[in-house]
Amino acid sequence: MSDSDTATTFEGKSLPKSPETFSAEEEAALRESLRRCSPKAVEAAIDYRKSGDPRHLPVVIIGIFERFVEPDLRPRLAATDSDDLRVIEDLGLDSLTMMEIVMLVEEVSKTQIANDELRQLSTLGDIKAFVDARARGLPPPPAAKGYDSAAVLEKMPIQPPFLFLDEARVSATKATASYRITGQEFFLQGHFKGNPVMPASVMLEALGQLGVFYLLAGLPVEAGKVVGAGTIFFASTDGVRCHRVCKPGDVLSLTLKPKRVKAPLAVFEGSIRVGQEKAVIAEEITLTFGLVDAPSPEPAVQS
Amino acid sequence: MPRVFITGIGFITSIGNDAGAVETSLRELRHGMVRYAPFAADNIPVKVIAPVRDFETDAAEQEDWVIPAPYKLKREQLRSMGPNALYATCAIEQAIADAKLEPADVSNEDTGLYAASAGSPNILVRTLNRMHQVGVMRCAPLGVVASIAGTVQFNLVAHLKILGASTGFSSACASSSHALGFAFDEIALGRQKRMLVVGAEDGNFDAILPFASMRALSINPDPDTASRPFDKGRDGFVGTGGGTGLVLESEEEVMRRGITPYAEVLGWGQASDGHNVAISHPDGLGLASAMRRALKSAGVTPADLGYVNAHATSTPIGDASECKALRAVLGEHAARVAVSSTKALTGHGLSLAGAMETAFCALAIRRGFIPGSAHIAELDPACEGLNILRATQVASPGIVLNNSSGFGGANVCVVLRPAR
């Protein structure tokens, strides 16, 4: 697709990538629409509209969210992990507020977000990535795909009682999963005596398992090849910090982001939260993997 | 049949934002009219309205509105509200506190809410203008909810987590009397134990001024005399907005909770003129019929009545036809039963009027006064034979009849009695 005059299509209509001119009237209208957003966000929006440079957009998007979230939650938008914030669960916004946010984002970015696209966007990072792709004239990033416990069991070479993923969600840029500590885990009998605490090593294991799942979820690493289920092993980890003791009843929320994936190594950064509390951070988790030939296509049963 | 009592009232009105202020205004005949700055233009013949005080709701975005203490509404609540729903929320919160109800008393399957408002023309116009000028997908997502006629109950049912019956009534100036009447029925028929009743209107430029071209509004620029029901020189009504909330409860609930009611709702009646879309029947035919039905429903006769809070809006035709209807119904008691229109003080609240004036009557019954009909310099001969009360009396009004009439010739009358 030519990058020169159209950026994206929406329901058959081509939209200009960025206006050739940005009139004083348009600037005034934009300032009016964003008047409850921070000056930084307003200036970034104007810079975007003048230059068409999508690097201004994340600041605008954060600024628009800031305007709508409760004041006590605003600092979270400035945190380094704000891309992981879930719009409904973490930011407390309902779907109607989301409509108001979308309307402002559309206005600034001169894009449109259709209802079915909107349903795929659950985190701040999803929204940033989507709008960025739109502004650059690229297809939207593939939507995250969810897997229930049966789907996880089917795909994983690791099985109970040593599987620590209840369900998972995988996109090109991220994998998330949850695991509820039941108290029935065999090792909790001894760790510790009369005081069951999830071992830090098992928390890292859970993040590693999510890495395995990410590699097996089928995102192409190399044309015609897939990751072999029996070829993945833990290689190393670095920068591990534990912040919180996790006990039976806690639900671990695991997040893993790929930093580099190129056979034979996949490097991720990982974190585990319980509710809003940080539990574990791992700056790097590295897995080794091998590629095997992709099974010959059988369209009727494939995918 | 369960008896029905008024156990709580709340006001956001041009004559006061709580029951205490309202009572003072009614006793001292203090009116709420002002020369309204937005009507200053030379091509607007109407100059006076009776605005709600301490609130500022003219800004396009609800976040810019000024809401006085102690009321606090979150942005998530305000964004779906017109001024009417805001006033209604504040008024019903007063009424709920007045009735000493806890949130669990309000949010249960035995408690419902009936409301009345004509919607929020200003927000509807802004929404449609934006749709035409900026784009279909660029309108406030809740513009519809905030502007259409059901907006007050949409907002209140969600805000108060109402689980029982809920709906709205749309019979113009009879609307909130209809809401009250049907709320009475819900309890009397045993369907609900408690009903919240709310009437509310924006009372702003866009809500009032469309009545000017039908020559229904007073063009008298003097706030002290513009609204003068039953006066010979009356020339139309003065518009007002605000909200009034009432709590109605069954006798069983009143006893169980040990609350002292304001008054008992004895019954109500309605009838239609079958005459004109906007003009009252010249002989007050439908209104007379509604009064008779209300008295019959209440099991009382004109001999039992002490006071009538008239609909009388200060229009030449309307007040005169109500006088005919009153004479016809009251008969030999016409010269005795006190009649007044509190619209001389408040202005005409349209969908708000019936609930507001019923709550005035409940307050008058509890506090032992009969509000006078203010601003009468020369009584219209059309009132001959009626006891139009020109000053507030300190006396128990006894059994009270409250009249309301709306477009289409809808007439609704409600009968109250001191609780015993």
# chains A, B, ... in the order shown; residues from 1 in each chain; ligands from 1
>>> residues_around(residues="Glu27 (chain A)", least_positions_apart="6", cutoff="12 Å", atoms="only C-alpha atoms", output="VMD selection string")
chain A and resid 19 21 33 to 35 42 to 50 107 to 108
>>> interface_residues(of="chain A", to="chain B", cutoff="8 Å", atoms="only C-alpha atoms", output="CSV table (one decimal) with C-alpha atoms, in the first residue's frame")
chain,number,residue,atom,x,y,z
A,96,LEU,CA,-19.4,5.1,28.1
A,97,THR,CA,-16.4,7.0,29.3
A,99,MET,CA,-16.6,6.3,24.1
A,100,GLU,CA,-15.8,9.8,25.2
A,103,MET,CA,-14.0,10.4,20.4
>>> select_by_dssp(residues="region 158-375 of chain B", states="helix (DSSP H, G or I)", output="ChimeraX atom specification")
/B:158-160,172-188,205-211,251-257,285-298,302-304,316-333,343-346,350-367
>>> residues_around(residues="region 178-183 of chain A", least_positions_apart="5", cutoff="6 Å", atoms="only C-alpha atoms", output="tab-separated table (two decimals) with C-alpha atoms, in the first residue's frame")
chain	number	residue	atom	x	y	z
A	164	PHE	CA	1.15	-22.48	36.83
A	165	LEU	CA	-1.04	-20.89	34.18
A	166	ASP	CA	-4.85	-20.99	34.62
A	167	GLU	CA	-5.60	-19.00	31.49
A	248	PRO	CA	-2.94	-19.39	48.95
A	249	GLY	CA	-5.95	-17.39	47.69
A	250	ASP	CA	-3.79	-14.84	45.89
A	251	VAL	CA	-4.36	-14.55	42.16
A	252	LEU	CA	-1.10	-13.95	40.33
A	253	SER	CA	-1.39	-11.70	37.26
A	254	LEU	CA	1.56	-12.49	35.01
>>> residues_around(residues="Phe186 (chain A)", least_positions_apart="6", cutoff="12 Å", atoms="only C-alpha atoms", output="PyMOL selection string")
chain A and resi 160-162+192+196-199+202
>>> closest_residue(among="B:Gly267, B:Gly233, B:Ile219, B:Thr225", to="Asn43 (chain B)", atoms="only C-alpha atoms")
B:Ile219
>>> residues_around(residues="Glu117 (chain A)", least_positions_apart="5", cutoff="10 Å", atoms="only C-alpha atoms", output="PyMOL selection string")
chain A and resi 112+130+140+143
>>> write_last_selection(atoms="N, CA and C atoms", output="mmCIF file, in the first residue's frame")
data_model
loop_
_atom_site.group_PDB
_atom_site.id
_atom_site.type_symbol
_atom_site.label_atom_id
_atom_site.label_comp_id
_atom_site.auth_asym_id
_atom_site.auth_seq_id
_atom_site.Cartn_x
_atom_site.Cartn_y
_atom_site.Cartn_z
ATOM 1 N N GLN A 112 -10.433 6.821 12.775
ATOM 2 C CA GLN A 112 -11.675 6.336 13.347
ATOM 3 C C GLN A 112 -11.453 4.929 13.875
ATOM 4 N N PHE A 130 -2.574 0.639 18.691
ATOM 5 C CA PHE A 130 -3.569 0.704 17.622
ATOM 6 C C PHE A 130 -3.514 2.052 16.913
ATOM 7 N N PRO A 140 -3.619 -2.634 11.812
ATOM 8 C CA PRO A 140 -3.599 -2.650 13.273
ATOM 9 C C PRO A 140 -2.899 -3.896 13.789
ATOM 10 N N ALA A 143 -4.962 -8.655 17.232
ATOM 11 C CA ALA A 143 -5.610 -8.598 18.532
ATOM 12 C C ALA A 143 -5.097 -9.717 19.418
#
>>> residues_around(residues="Pro229 (chain B)", least_positions_apart="2", cutoff="6 Å", atoms="only C-alpha atoms", output="ChimeraX atom specification")
/B:231,312-314
>>> write_last_selection(atoms="C-alpha atoms", output="compact mmCIF listing (two decimals), in the first residue's frame")
# COMPACT_ATOMS: atom_id res chain seq x y z
CA ASP B 231 -55.57 39.49 39.34
CA ALA B 312 -53.97 29.06 38.22
CA THR B 313 -50.85 30.02 36.26
CA SER B 314 -51.73 33.70 35.76
>>> residues_around(residues="region 80-97 of chain B", least_positions_apart="3", cutoff="6 Å", atoms="only C-alpha atoms", output="VMD selection string")
chain B and resid 8 to 12 100 to 101 120 142 145 to 146 152 200 to 202 242 to 246
>>> atom_distance(atom1="CA of Val274 (chain A)", atom2="CA of Val102 (chain A)")
29.1 Å
>>> closest_residue(among="B:Thr13, B:Ser321, B:Thr358, B:Tyr114", to="Gly241 (chain B)", atoms="only C-alpha atoms")
B:Thr13
>>> atom_distance(atom1="CA of Gly63 (chain A)", atom2="CA of Gln62 (chain B)")
20.2 Å
